[in-house]
file structure_17.txt (compact mmCIF, C-alpha atoms and all ligand atoms)
# COMPACT_ATOMS: atom_id res chain seq x y z
CA MET L 1 10.59 11.50 -20.29
CA LYS L 2 9.97 9.17 -17.36
CA ILE L 3 9.54 10.70 -13.93
CA VAL L 4 10.83 8.89 -10.85
CA LEU L 5 9.71 9.83 -7.36
CA LYS L 6 11.91 8.28 -4.69
CA ASN L 7 10.84 8.37 -1.04
CA LEU L 8 9.37 11.80 -1.75
CA THR L 9 8.24 13.48 1.46
CA LYS L 10 7.02 16.97 2.33
CA THR L 11 6.08 18.22 5.75
CA PHE L 12 4.75 21.66 6.57
CA PRO L 13 5.01 23.26 10.00
CA SER L 14 1.65 23.27 11.73
CA ARG L 15 -0.41 26.39 11.09
CA SER L 16 -2.24 26.25 14.38
CA LYS L 17 -0.48 27.36 17.56
CA LYS L 18 -2.25 24.75 19.69
CA LEU L 19 -1.51 21.80 17.44
CA ARG L 20 2.25 21.62 17.24
CA GLN L 21 2.35 18.57 15.02
CA ASP L 22 3.70 19.07 11.52
CA VAL L 23 1.46 18.32 8.56
CA VAL L 24 2.86 15.49 6.47
CA ALA L 25 1.42 16.52 3.12
CA VAL L 26 3.29 13.84 1.12
CA ASN L 27 4.59 10.76 2.89
CA ASP L 28 7.25 8.55 1.30
CA PHE L 29 5.89 8.59 -2.24
CA ASN L 30 7.60 6.06 -4.54
CA PHE L 31 6.60 5.80 -8.17
CA GLU L 32 8.03 5.62 -11.64
CA ILE L 33 5.84 7.33 -14.21
CA PRO L 34 6.59 5.71 -17.57
CA ASP L 35 7.59 7.92 -20.48
CA GLY L 36 4.63 9.27 -22.43
CA GLU L 37 1.93 8.20 -20.02
CA LEU L 38 -0.90 10.20 -18.53
CA VAL L 39 -1.10 9.53 -14.81
CA GLY L 40 -4.11 10.62 -12.77
CA LEU L 41 -3.36 11.62 -9.20
CA LEU L 42 -6.58 11.06 -7.33
CA GLY L 43 -7.79 11.57 -3.79
CA PRO L 44 -9.99 13.71 -1.56
CA SER L 45 -9.22 17.35 -0.88
CA GLY L 46 -6.16 17.81 1.34
CA CYS L 47 -4.59 14.43 0.57
CA GLY L 48 -1.43 15.96 -0.89
CA LYS L 49 -2.09 16.03 -4.64
CA SER L 50 -1.15 19.67 -5.25
CA THR L 51 1.89 19.37 -3.01
CA THR L 52 3.09 16.38 -5.02
CA LEU L 53 2.66 18.35 -8.24
CA ASN L 54 4.43 21.38 -6.77
CA LEU L 55 7.33 19.15 -5.77
CA ILE L 56 7.58 17.75 -9.30
CA CYS L 57 7.62 21.21 -10.87
CA GLY L 58 9.94 22.67 -8.21
CA LEU L 59 7.61 25.24 -6.63
CA GLU L 60 8.11 23.33 -3.37
CA ARG L 61 11.30 21.77 -2.03
CA PRO L 62 10.93 18.25 -0.59
CA THR L 63 11.70 17.56 3.06
CA GLY L 64 13.06 14.19 1.99
CA GLY L 65 13.53 12.05 -1.09
CA GLN L 66 14.42 12.70 -4.71
CA ILE L 67 12.87 13.45 -8.09
CA PHE L 68 14.35 12.28 -11.39
CA PHE L 69 13.41 13.28 -14.93
CA GLY L 70 14.81 10.40 -16.93
CA GLU L 71 18.20 9.75 -15.36
CA GLU L 72 18.64 13.36 -14.25
CA ASP L 73 18.22 14.21 -10.57
CA VAL L 74 16.17 17.43 -10.63
CA THR L 75 15.51 17.61 -6.88
CA GLY L 76 17.60 20.75 -6.45
CA LEU L 77 16.86 22.31 -9.82
CA ALA L 78 14.93 25.59 -10.03
CA PRO L 79 11.45 25.33 -11.61
CA GLU L 80 12.42 27.34 -14.71
CA HIS L 81 15.18 24.86 -15.53
CA ARG L 82 13.07 21.74 -15.21
CA GLY L 83 11.19 22.08 -18.48
CA VAL L 84 7.74 21.59 -17.01
CA GLY L 85 4.47 23.07 -18.21
CA MET L 86 1.93 23.76 -15.48
CA VAL L 87 -1.82 24.34 -15.76
CA PHE L 88 -3.90 25.29 -12.74
CA GLN L 89 -7.58 25.29 -11.89
CA ASN L 90 -7.93 29.04 -12.41
CA TYR L 91 -6.54 29.73 -15.81
CA ALA L 92 -4.73 32.91 -14.70
CA LEU L 93 -4.50 34.46 -18.15
CA TYR L 94 -3.42 38.06 -18.66
CA PRO L 95 -6.74 39.85 -19.18
CA HIS L 96 -5.32 42.72 -21.24
CA LEU L 97 -3.47 40.43 -23.68
CA THR L 98 -5.00 38.62 -26.64
CA VAL L 99 -4.99 34.85 -26.93
CA ARG L 100 -1.97 35.08 -29.23
CA GLN L 101 -0.07 37.32 -26.81
CA ASN L 102 -0.96 35.10 -23.85
CA ILE L 103 0.42 32.02 -25.56
CA LEU L 104 3.49 33.88 -26.82
CA PHE L 105 4.28 35.38 -23.41
CA PRO L 106 6.43 32.56 -21.92
CA LEU L 107 8.62 32.55 -25.05
CA GLN L 108 9.32 36.28 -24.86
CA ASN L 109 10.75 35.73 -21.40
CA LEU L 110 13.36 33.22 -22.50
CA LYS L 111 16.85 34.54 -21.90
CA GLY L 112 20.41 33.86 -23.02
CA LYS L 113 20.94 30.72 -25.04
CA ASP L 114 17.20 29.87 -24.85
CA ARG L 115 16.22 33.04 -26.74
CA LEU L 116 14.21 32.39 -29.88
CA THR L 117 13.96 34.32 -33.12
CA LYS L 118 10.71 36.13 -33.83
CA GLU L 119 9.86 33.65 -36.59
CA GLU L 120 10.43 30.71 -34.27
CA MET L 121 8.22 32.29 -31.61
CA THR L 122 5.41 32.80 -34.12
CA ARG L 123 5.75 29.28 -35.42
CA ARG L 124 5.61 27.76 -31.93
CA THR L 125 2.68 29.95 -30.86
CA GLU L 126 0.68 28.91 -33.88
CA LYS L 127 1.54 25.27 -33.41
CA ALA L 128 0.43 25.31 -29.77
CA ALA L 129 -2.79 27.15 -30.67
CA LYS L 130 -3.51 24.59 -33.35
CA LEU L 131 -3.05 21.71 -30.90
CA VAL L 132 -5.81 23.07 -28.69
CA GLN L 133 -7.91 24.31 -31.63
CA LEU L 134 -7.75 28.00 -30.90
CA GLU L 135 -6.59 29.16 -34.33
CA GLY L 136 -9.77 31.13 -35.00
CA LEU L 137 -9.69 32.98 -31.69
CA MET L 138 -6.16 34.36 -31.65
CA GLU L 139 -7.08 38.04 -31.52
CA ARG L 140 -9.67 37.77 -28.74
CA ARG L 141 -9.12 38.68 -25.13
CA PRO L 142 -9.81 36.20 -22.28
CA SER L 143 -13.07 37.96 -21.33
CA GLU L 144 -14.39 37.14 -24.82
CA LEU L 145 -13.84 33.39 -24.35
CA SER L 146 -15.79 30.64 -22.60
CA GLY L 147 -14.27 28.91 -19.59
CA GLY L 148 -13.29 25.91 -21.69
CA GLN L 149 -11.60 28.12 -24.28
CA GLN L 150 -9.74 30.00 -21.55
CA GLN L 151 -8.49 26.74 -20.13
CA ARG L 152 -7.32 25.75 -23.61
CA VAL L 153 -5.31 28.98 -23.81
CA ALA L 154 -3.72 28.07 -20.49
CA ILE L 155 -2.84 24.63 -21.87
CA ALA L 156 -1.39 26.14 -25.06
CA ARG L 157 0.67 28.49 -22.94
CA ALA L 158 2.04 25.49 -21.02
CA LEU L 159 2.77 23.61 -24.26
CA VAL L 160 4.46 26.43 -26.15
CA LYS L 161 7.76 25.96 -24.33
CA MET L 162 7.71 22.31 -25.43
CA PRO L 163 7.95 21.00 -21.88
CA ARG L 164 9.39 17.61 -20.98
CA VAL L 165 6.60 17.14 -18.49
CA LEU L 166 3.07 18.52 -18.31
CA LEU L 167 1.41 19.00 -14.92
CA LEU L 168 -2.28 19.78 -14.59
CA ASP L 169 -3.81 20.64 -11.22
CA GLU L 170 -7.60 20.20 -11.28
CA PRO L 171 -7.73 21.94 -14.66
CA LEU L 172 -11.42 21.23 -15.24
CA SER L 173 -12.89 22.18 -11.86
CA ASN L 174 -14.05 25.61 -12.98
CA LEU L 175 -15.90 24.34 -16.03
CA ASP L 176 -19.55 23.31 -16.22
CA ALA L 177 -20.37 19.63 -16.66
CA ARG L 178 -20.54 19.55 -20.45
CA LEU L 179 -17.40 21.56 -21.02
CA ARG L 180 -15.64 19.45 -18.46
CA LEU L 181 -16.39 16.32 -20.42
CA GLN L 182 -15.37 17.88 -23.71
CA THR L 183 -12.20 19.50 -22.38
CA ARG L 184 -11.02 16.32 -20.70
CA GLU L 185 -11.29 14.49 -24.00
CA GLU L 186 -9.30 17.26 -25.63
CA ILE L 187 -6.60 17.05 -22.98
CA ARG L 188 -6.40 13.32 -23.63
CA LYS L 189 -6.07 13.90 -27.37
CA ILE L 190 -3.40 16.57 -26.95
CA GLN L 191 -1.48 14.34 -24.56
CA ARG L 192 -1.63 11.43 -27.00
CA SER L 193 -0.53 13.49 -29.97
CA THR L 194 2.35 15.20 -28.16
CA GLY L 195 3.40 12.16 -26.11
CA ILE L 196 4.37 14.42 -23.19
CA THR L 197 4.51 12.62 -19.85
CA THR L 198 1.60 14.13 -17.95
CA VAL L 199 0.38 14.18 -14.38
CA PHE L 200 -3.26 15.12 -14.00
CA VAL L 201 -4.58 15.94 -10.55
CA THR L 202 -8.25 15.60 -9.68
CA HIS L 203 -10.55 14.67 -6.80
CA ASP L 204 -13.10 13.38 -9.32
CA GLN L 205 -12.70 9.64 -9.66
CA GLU L 206 -14.68 9.42 -12.87
CA GLU L 207 -12.51 12.06 -14.50
CA ALA L 208 -9.32 10.28 -13.45
CA MET L 209 -10.61 6.86 -14.50
CA SER L 210 -11.71 8.05 -17.92
CA ILE L 211 -8.51 9.70 -19.15
CA SER L 212 -5.61 8.10 -17.26
CA ASP L 213 -3.28 5.34 -18.36
CA ARG L 214 -2.64 4.77 -14.69
CA ILE L 215 -4.13 6.20 -11.53
CA VAL L 216 -2.55 6.85 -8.16
CA VAL L 217 -5.02 6.92 -5.27
CA MET L 218 -3.83 8.99 -2.29
CA LYS L 219 -5.12 9.44 1.23
CA GLU L 220 -3.61 11.75 3.85
CA GLY L 221 -0.32 12.03 2.01
CA VAL L 222 0.07 8.28 1.57
CA VAL L 223 -0.25 6.43 -1.72
CA GLN L 224 -2.89 3.73 -1.34
CA GLN L 225 -2.77 2.06 -4.72
CA ILE L 226 -1.31 2.51 -8.21
CA GLY L 227 -2.56 0.76 -11.31
CA ARG L 228 -4.56 0.87 -14.50
CA PRO L 229 -8.00 2.34 -13.77
CA GLN L 230 -9.89 -0.89 -14.40
CA GLU L 231 -7.43 -2.94 -12.33
CA VAL L 232 -7.78 -0.65 -9.35
CA TYR L 233 -11.57 -0.66 -9.66
CA ASP L 234 -11.70 -4.46 -9.93
CA ASP L 235 -9.05 -5.17 -7.33
CA PRO L 236 -8.96 -2.50 -4.59
CA VAL L 237 -6.39 -3.05 -1.84
CA ASN L 238 -8.49 -1.55 0.95
CA LEU L 239 -11.90 -0.19 1.82
CA PHE L 240 -10.87 3.41 1.17
CA VAL L 241 -9.94 2.69 -2.46
CA ALA L 242 -13.04 0.54 -2.96
CA LYS L 243 -15.25 3.36 -1.72
CA PHE L 244 -13.44 6.10 -3.59
CA LEU L 245 -13.86 4.55 -7.06
CA GLY L 246 -17.19 3.95 -8.75
CA THR L 247 -20.52 5.70 -9.22
CA PRO L 248 -22.87 4.80 -7.70
CA PRO L 249 -20.43 3.88 -4.93
CA ILE L 250 -19.82 0.42 -3.55
CA ASN L 251 -22.32 -0.79 -0.92
CA VAL L 252 -20.72 -1.58 2.43
CA PHE L 253 -22.15 -4.00 5.00
CA HIS L 254 -21.11 -5.13 8.47
CA GLY L 255 -20.55 -8.83 8.04
CA ARG L 256 -18.87 -11.79 9.61
CA ILE L 257 -17.11 -14.94 8.54
CA LYS L 258 -18.29 -18.13 10.20
CA GLY L 259 -17.36 -21.60 9.04
CA GLU L 260 -15.97 -20.29 5.73
CA ARG L 261 -19.18 -18.49 4.90
CA VAL L 262 -19.79 -14.75 4.66
CA TYR L 263 -22.81 -13.60 6.64
CA ILE L 264 -24.60 -10.31 6.40
CA GLY L 265 -26.93 -10.45 9.40
CA GLU L 266 -28.52 -13.90 9.17
CA ASP L 267 -27.97 -14.13 5.42
CA ALA L 268 -25.14 -16.37 4.20
CA VAL L 269 -24.27 -14.60 0.96
CA LEU L 270 -20.93 -16.05 -0.17
CA LEU L 271 -18.31 -18.69 0.47
CA ALA L 272 -14.97 -17.66 1.93
CA ARG L 273 -12.74 -20.72 1.74
CA GLY L 274 -9.75 -20.64 4.05
CA VAL L 275 -10.73 -17.39 5.79
CA PRO L 276 -10.75 -17.67 9.61
CA ASP L 277 -13.87 -16.66 11.55
CA GLN L 278 -13.95 -12.90 12.15
CA GLU L 279 -15.91 -9.69 11.79
CA VAL L 280 -15.51 -8.07 8.38
CA TYR L 281 -16.74 -5.35 6.09
CA VAL L 282 -18.40 -6.68 2.96
CA GLY L 283 -18.33 -4.36 -0.07
CA ILE L 284 -20.63 -5.15 -2.98
CA ARG L 285 -20.53 -3.11 -6.18
CA PRO L 286 -23.96 -1.96 -7.47
CA GLU L 287 -23.52 -4.28 -10.45
CA GLY L 288 -22.64 -7.15 -8.10
CA PHE L 289 -26.23 -7.98 -7.13
CA LEU L 290 -28.21 -10.70 -8.88
CA TRP L 291 -31.96 -10.42 -8.99
CA GLN L 292 -33.05 -13.77 -7.51
CA GLU L 293 -36.40 -14.70 -6.04
CA GLU L 294 -34.69 -17.16 -3.70
CA GLY L 295 -31.48 -15.09 -3.32
CA PRO L 296 -29.72 -15.25 0.06
CA LEU L 297 -29.56 -11.49 0.78
CA HIS L 298 -32.88 -10.14 2.09
CA CYS L 299 -33.26 -6.38 1.70
CA GLU L 300 -36.13 -4.03 2.39
CA MET L 301 -37.50 -2.56 -0.82
CA GLY L 302 -37.25 1.19 -1.12
CA ARG L 303 -37.89 2.29 -4.69
CA VAL L 304 -37.09 1.41 -8.26
CA GLU L 305 -35.45 3.97 -10.56
CA VAL L 306 -35.65 3.37 -14.29
CA MET L 307 -32.55 4.44 -16.21
CA GLY L 308 -33.32 3.08 -19.68
CA ARG L 309 -30.88 0.27 -20.19
CA ASP L 310 -30.69 -0.53 -16.48
CA ILE L 311 -32.84 -0.19 -13.44
CA SER L 312 -31.57 0.82 -10.07
CA ILE L 313 -33.17 -0.76 -7.01
CA VAL L 314 -32.82 1.30 -3.87
CA SER L 315 -33.24 -0.84 -0.78
CA SER L 316 -31.97 -1.12 2.78
CA HIS L 317 -30.62 -3.69 5.20
CA LYS L 318 -30.03 -3.33 8.93
CA GLU L 319 -26.40 -4.40 8.54
CA ALA L 320 -25.66 -1.93 5.74
CA ALA L 321 -23.13 0.74 6.72
CA GLY L 322 -24.97 3.34 4.63
CA ALA L 323 -28.64 4.34 4.69
CA GLN L 324 -29.37 2.82 1.32
CA ILE L 325 -28.21 0.03 -0.91
CA ARG L 326 -28.08 0.70 -4.59
CA SER L 327 -28.12 -2.24 -6.98
CA ILE L 328 -28.13 -2.02 -10.75
CA ILE L 329 -29.80 -4.72 -12.77
CA SER L 330 -30.98 -5.09 -16.34
CA ALA L 331 -34.14 -3.20 -17.29
CA GLU L 332 -35.48 -6.39 -18.87
CA ILE L 333 -36.29 -7.64 -15.38
CA ARG L 334 -39.67 -6.49 -14.12
CA VAL L 335 -39.43 -5.46 -10.50
CA ASP L 336 -42.51 -4.66 -8.47
CA PRO L 337 -41.68 -1.68 -6.23
CA ALA L 338 -44.65 -2.56 -4.00
CA GLN L 339 -43.10 -5.79 -2.77
CA GLU L 340 -41.81 -5.55 0.78
CA THR L 341 -38.66 -7.60 0.54
CA VAL L 342 -36.25 -7.83 -2.34
CA ARG L 343 -33.84 -10.77 -2.48
CA PHE L 344 -30.44 -10.80 -4.15
CA GLY L 345 -27.67 -13.18 -4.95
CA VAL L 346 -24.13 -11.77 -4.90
CA LYS L 347 -21.57 -12.06 -7.70
CA PRO L 348 -18.35 -13.28 -6.06
CA ASN L 349 -16.09 -11.22 -8.35
CA LYS L 350 -17.96 -8.00 -7.47
CA ALA L 351 -17.87 -8.50 -3.71
CA TYR L 352 -14.90 -7.79 -1.45
CA LEU L 353 -14.05 -8.52 2.16
CA PHE L 354 -12.11 -6.14 4.36
CA LYS L 355 -10.61 -6.57 7.83
CA LYS L 356 -12.65 -4.81 10.48
CA GLU L 357 -9.65 -3.21 12.20
CA THR L 358 -7.32 -2.17 9.39
CA LYS L 359 -9.85 -2.06 6.54
CA GLU L 360 -7.32 -3.94 4.42
CA ARG L 361 -8.63 -6.35 1.83
CA ILE L 362 -9.00 -10.04 2.69
CA ARG L 363 -8.48 -12.02 -0.48
CA ILE L 364 -10.48 -15.15 -1.16
P1 LIG P 1 -4.79 18.53 -2.23
O1 LIG P 1 -4.21 19.23 -3.40
O2 LIG P 1 -4.85 17.06 -2.36
O3 LIG P 1 -6.13 19.08 -1.84
P2 LIG P 1 -2.59 19.76 -0.76
O4 LIG P 1 -1.40 19.15 -1.37
O5 LIG P 1 -2.95 21.13 -1.18
O6 LIG P 1 -3.84 18.78 -0.94
O7 LIG P 1 -2.42 19.76 0.83
C1 LIG P 1 -2.02 18.63 1.57
C2 LIG P 1 -1.91 19.00 3.05
O8 LIG P 1 -0.84 19.90 3.24
C3 LIG P 1 -3.14 19.68 3.60
O9 LIG P 1 -3.33 19.24 4.91
C4 LIG P 1 -2.77 21.15 3.55
O10 LIG P 1 -3.45 21.86 4.54
C5 LIG P 1 -1.29 21.11 3.82
N1 LIG P 1 -0.57 22.22 3.16
C6 LIG P 1 -0.47 22.45 1.84
N2 LIG P 1 0.28 23.54 1.57
C7 LIG P 1 0.68 24.01 2.79
C8 LIG P 1 1.48 25.12 3.20
N3 LIG P 1 2.05 25.96 2.33
N4 LIG P 1 1.67 25.29 4.54
C9 LIG P 1 1.12 24.47 5.45
N5 LIG P 1 0.35 23.39 5.11
C10 LIG P 1 0.13 23.17 3.81
MG MG P 2 -5.07 20.72 -4.61

call {"tool": "encode", "arguments": {"input": "structure_17.txt", "output": "structure tokens"}}
result
Amino acid sequence: MKIVLKNLTKTFPSRSKKLRQDVVAVNDFNFEIPDGELVGLLGPSGCGKSTTLNLICGLERPTGGQIFFGEEDVTGLAPEHRGVGMVFQNYALYPHLTVRQNILFPLQNLKGKDRLTKEEMTRRTEKAAKLVQLEGLMERRPSELSGGQQQRVAIARALVKMPRVLLLDEPLSNLDARLRLQTREEIRKIQRSTGITTVFVTHDQEEAMSISDRIVVMKEGVVQQIGRPQEVYDDPVNLFVAKFLGTPPINVFHGRIKGERVYIGEDAVLLARGVPDQEVYVGIRPEGFLWQEEGPLHCEMGRVEVMGRDISIVSSHKEAAGAQIRSIISAEIRVDPAQETVRFGVKPNKAYLFKKETKERIRI
């Protein structure tokens, strides 16, 4: 089932008495989520991710715009008639019910023509439990499960109604690092095997990058960029997106274009053919530095961190926007941490220019 968001907008009245301005939680969101894809909705806290999800499932009514499931306009449809499964950060299971009863619960509430026979309910419950590998734990109560297992019960409970659309709002935030990794792989597997169109909300860029077919990067209610994770990483449209994706993050410098060259301080690091003279931000990915004895970029050596396959050189530069510059180079190169200055070349395809005023990308 494809999902189409058309000029989707949601404003909330201001909560503060002094500030009368409304909060535009979602601002003119346009996107067509292809059938069967897993889309990661990504952005910092407060950027409108949950509101977008609540609009899709019908818990919130939009101020403007429309939502389609396939060709059907569902904008005015009540949540229970949309056929969506929702999973939240806190699993919100019924503590006094067993795993089996928790998964079964949504089916027992079906009324009228949707009512199922007892056999059908059992069959569906067992199928959903099997999908998330809970078959052995059906008679336990939530308190007897780990966080990851509890979240799997919540996912099974969302799947048991065979939704047309699955919506997950930061479903892994309450899990510890290892479980988070494992559960996200499971979610990916379940999504692949069921083929349910899924929207996955997270503020964790690595999480979104690793499991999504496509990511949507949001900032203050406005979509910044949509694309395949690698495309967005390789080709960010503005400084915000460039900084939001990647660990360690991109290194940002105050630079300037003069005579079709990019300068960072006195160092001419790149060519910029056809770009008029101006002040710019220069973003260089950690993997965009070349270890060169005669390299154009002169940095002050900080320390060298060995990471096995790679080494990370932490240095500084007076034109760097951040306190430190992190570059990642192959561990086969021997770097002396005692040297005062470290010199780098810059890989053109790992460096980006941004306008000083708007922070939009300047393409070379
Ligand atoms: P996210 O999930 O990305 O953290 P939200 O969608 O929850 O962000 O919130 C987006 C913005 O809308 C925030 O500024 C938030 O304070 C505001 N907001 C969300 N829900 C309400 C509400 N019910 N009433 C007023 N403002 C709200
Ligand atoms: Mg949220």

call {"tool": "residues_near_ligand", "arguments": {"input": "structure_17.txt", "ligand": "ligand MG 2 (chain P)", "cutoff": "7 Å", "atoms": "all atoms listed in the file", "output": "list in words"}}
result
Ser45, Gly46, Lys49, Ser50 and Asp169 of chain L

call {"tool": "atom_distance", "arguments": {"input": "structure_17.txt", "atom1": "atom CA of L:Glu80", "atom2": "atom CA of L:Gly64"}}
result
21.3 Å

call {"tool": "closest_residue", "arguments": {"input": "structure_17.txt", "among": "L:Gly221, L:Pro163, L:Gly246, L:Pro286", "to": "L:Gly48", "atoms": "only C-alpha atoms"}}
result
L:Gly221

call {"tool": "residues_around", "arguments": {"input": "structure_17.txt", "residues": "L:Glu60", "least_positions_apart": "6", "cutoff": "12 Å", "atoms": "all atoms listed in the file", "output": "ChimeraX atom specification"}}
result
/L:8-12,25-26,50-54,67,75-79

call {"tool": "atom_distance", "arguments": {"input": "structure_17.txt", "atom1": "atom CA of L:Ile56", "atom2": "atom CA of L:Gly43"}}
result
17.5 Å

call {"tool": "atom_distance", "arguments": {"input": "structure_17.txt", "atom1": "atom CA of L:Glu300", "atom2": "atom CA of L:Ser315"}}
result
5.3 Å

call {"tool": "residues_around", "arguments": {"input": "structure_17.txt", "residues": "L:Leu93", "least_positions_apart": "4", "cutoff": "12 Å", "atoms": "all atoms listed in the file", "output": "PDB file with C-alpha atoms, keeping the file's coordinate frame"}}
result
ATOM      1  CA  VAL L  87      -1.820  24.340 -15.760  1.00  0.00           C
ATOM      2  CA  PHE L  88      -3.900  25.290 -12.740  1.00  0.00           C
ATOM      3  CA  GLN L  89      -7.580  25.290 -11.890  1.00  0.00           C
ATOM      4  CA  LEU L  97      -3.470  40.430 -23.680  1.00  0.00           C
ATOM      5  CA  THR L  98      -5.000  38.620 -26.640  1.00  0.00           C
ATOM      6  CA  VAL L  99      -4.990  34.850 -26.930  1.00  0.00           C
ATOM      7  CA  ARG L 100      -1.970  35.080 -29.230  1.00  0.00           C
ATOM      8  CA  GLN L 101      -0.070  37.320 -26.810  1.00  0.00           C
ATOM      9  CA  ASN L 102      -0.960  35.100 -23.850  1.00  0.00           C
ATOM     10  CA  ILE L 103       0.420  32.020 -25.560  1.00  0.00           C
ATOM     11  CA  LEU L 104       3.490  33.880 -26.820  1.00  0.00           C
ATOM     12  CA  PHE L 105       4.280  35.380 -23.410  1.00  0.00           C
ATOM     13  CA  PRO L 106       6.430  32.560 -21.920  1.00  0.00           C
ATOM     14  CA  ARG L 141      -9.120  38.680 -25.130  1.00  0.00           C
ATOM     15  CA  PRO L 142      -9.810  36.200 -22.280  1.00  0.00           C
ATOM     16  CA  SER L 143     -13.070  37.960 -21.330  1.00  0.00           C
ATOM     17  CA  LEU L 145     -13.840  33.390 -24.350  1.00  0.00           C
ATOM     18  CA  GLY L 147     -14.270  28.910 -19.590  1.00  0.00           C
ATOM     19  CA  GLN L 149     -11.600  28.120 -24.280  1.00  0.00           C
ATOM     20  CA  GLN L 150      -9.740  30.000 -21.550  1.00  0.00           C
ATOM     21  CA  GLN L 151      -8.490  26.740 -20.130  1.00  0.00           C
ATOM     22  CA  ARG L 152      -7.320  25.750 -23.610  1.00  0.00           C
ATOM     23  CA  VAL L 153      -5.310  28.980 -23.810  1.00  0.00           C
ATOM     24  CA  ALA L 154      -3.720  28.070 -20.490  1.00  0.00           C
ATOM     25  CA  ILE L 155      -2.840  24.630 -21.870  1.00  0.00           C
ATOM     26  CA  ALA L 156      -1.390  26.140 -25.060  1.00  0.00           C
ATOM     27  CA  ARG L 157       0.670  28.490 -22.940  1.00  0.00           C
ATOM     28  CA  ALA L 158       2.040  25.490 -21.020  1.00  0.00           C
TER      29      ALA L 158
END

call {"tool": "residues_around", "arguments": {"input": "structure_17.txt", "residues": "L:Tyr263", "least_positions_apart": "5", "cutoff": "12 Å", "atoms": "all atoms listed in the file", "output": "PyMOL selection string"}}
result
chain L and resi 253-258+268-272+277-282+296-298+319+346+353

call {"tool": "closest_residue", "arguments": {"input": "structure_17.txt", "among": "L:Pro337, L:Gly283, L:Gly83, L:Pro249", "to": "L:Val262", "atoms": "only C-alpha atoms"}}
result
L:Gly283

call {"tool": "residues_near_point", "arguments": {"input": "structure_17.txt", "point": "(-19.5, -12.9, -5.2)", "cutoff": "9 Å", "atoms": "only C-alpha atoms", "output": "list in words"}}
result
Val269, Leu270, Leu271, Ile284, Gly288, Phe289, Gly345, Val346, Lys347, Pro348, Asn349, Lys350, Ala351 and Tyr352 of chain L

call {"tool": "closest_residue", "arguments": {"input": "structure_17.txt", "among": "L:Arg115, L:Lys2, L:Arg164, L:Arg15", "to": "ligand LIG 1 (chain P)", "atoms": "all atoms listed in the file"}}
result
L:Arg15

call {"tool": "closest_residue", "arguments": {"input": "structure_17.txt", "among": "L:Tyr91, L:Phe68, L:Phe200, L:Phe31", "to": "ligand LIG 1 (chain P)", "atoms": "all atoms listed in the file"}}
result
L:Phe200

call {"tool": "residues_around", "arguments": {"input": "structure_17.txt", "residues": "stretch 128-131 of chain L", "least_positions_apart": "4", "cutoff": "7 Å", "atoms": "all atoms listed in the file", "output": "ChimeraX atom specification"}}
result
/L:124,135,156,159-160,190

call {"tool": "axis_aligned_box", "arguments": {"input": "structure_17.txt", "around": "stretch 136-151 of chain L", "padding_each_side": "4 Å", "output": "AutoDock Vina command-line options"}}
result
--center_x -11.0 --center_y 32.3 --center_z -27.3 --size_x 17.6 --size_y 20.8 --size_z 23.4

call {"tool": "decode", "arguments": {"input": "structure_17.txt", "residues": "stretch 235-242 of chain L", "atoms": "N, CA, C and O atoms", "output": "PDB file, in the first residue's frame"}}
result
ATOM      1  N   ASP L 235      25.352  13.228  -0.967  1.00  0.00           N
ATOM      2  CA  ASP L 235      24.924  14.400  -1.731  1.00  0.00           C
ATOM      3  C   ASP L 235      23.942  15.261  -0.936  1.00  0.00           C
ATOM      4  O   ASP L 235      22.811  15.477  -1.361  1.00  0.00           O
ATOM      5  N   PRO L 236      24.378  15.764   0.229  1.00  0.00           N
ATOM      6  CA  PRO L 236      23.452  16.542   1.072  1.00  0.00           C
ATOM      7  C   PRO L 236      23.087  17.871   0.415  1.00  0.00           C
ATOM      8  O   PRO L 236      23.932  18.485  -0.230  1.00  0.00           O
ATOM      9  N   VAL L 237      21.849  18.297   0.602  1.00  0.00           N
ATOM     10  CA  VAL L 237      21.407  19.548  -0.044  1.00  0.00           C
ATOM     11  C   VAL L 237      21.785  20.787   0.758  1.00  0.00           C
ATOM     12  O   VAL L 237      21.811  21.886   0.219  1.00  0.00           O
ATOM     13  N   ASN L 238      22.034  20.618   2.045  1.00  0.00           N
ATOM     14  CA  ASN L 238      22.416  21.789   2.846  1.00  0.00           C
ATOM     15  C   ASN L 238      23.277  21.349   4.036  1.00  0.00           C
ATOM     16  O   ASN L 238      23.499  20.157   4.267  1.00  0.00           O
ATOM     17  N   LEU L 239      23.754  22.352   4.750  1.00  0.00           N
ATOM     18  CA  LEU L 239      24.688  22.080   5.844  1.00  0.00           C
ATOM     19  C   LEU L 239      24.034  21.275   6.966  1.00  0.00           C
ATOM     20  O   LEU L 239      24.658  20.415   7.573  1.00  0.00           O
ATOM     21  N   PHE L 240      22.742  21.540   7.203  1.00  0.00           N
ATOM     22  CA  PHE L 240      22.039  20.802   8.251  1.00  0.00           C
ATOM     23  C   PHE L 240      22.066  19.293   7.971  1.00  0.00           C
ATOM     24  O   PHE L 240      22.403  18.501   8.854  1.00  0.00           O
ATOM     25  N   VAL L 241      21.707  18.912   6.755  1.00  0.00           N
ATOM     26  CA  VAL L 241      21.682  17.483   6.404  1.00  0.00           C
ATOM     27  C   VAL L 241      23.097  16.902   6.463  1.00  0.00           C
ATOM     28  O   VAL L 241      23.315  15.805   6.984  1.00  0.00           O
ATOM     29  N   ALA L 242      24.064  17.661   5.965  1.00  0.00           N
ATOM     30  CA  ALA L 242      25.452  17.182   5.979  1.00  0.00           C
ATOM     31  C   ALA L 242      25.911  16.907   7.404  1.00  0.00           C
ATOM     32  O   ALA L 242      26.581  15.916   7.685  1.00  0.00           O
TER      33      ALA L 242
END
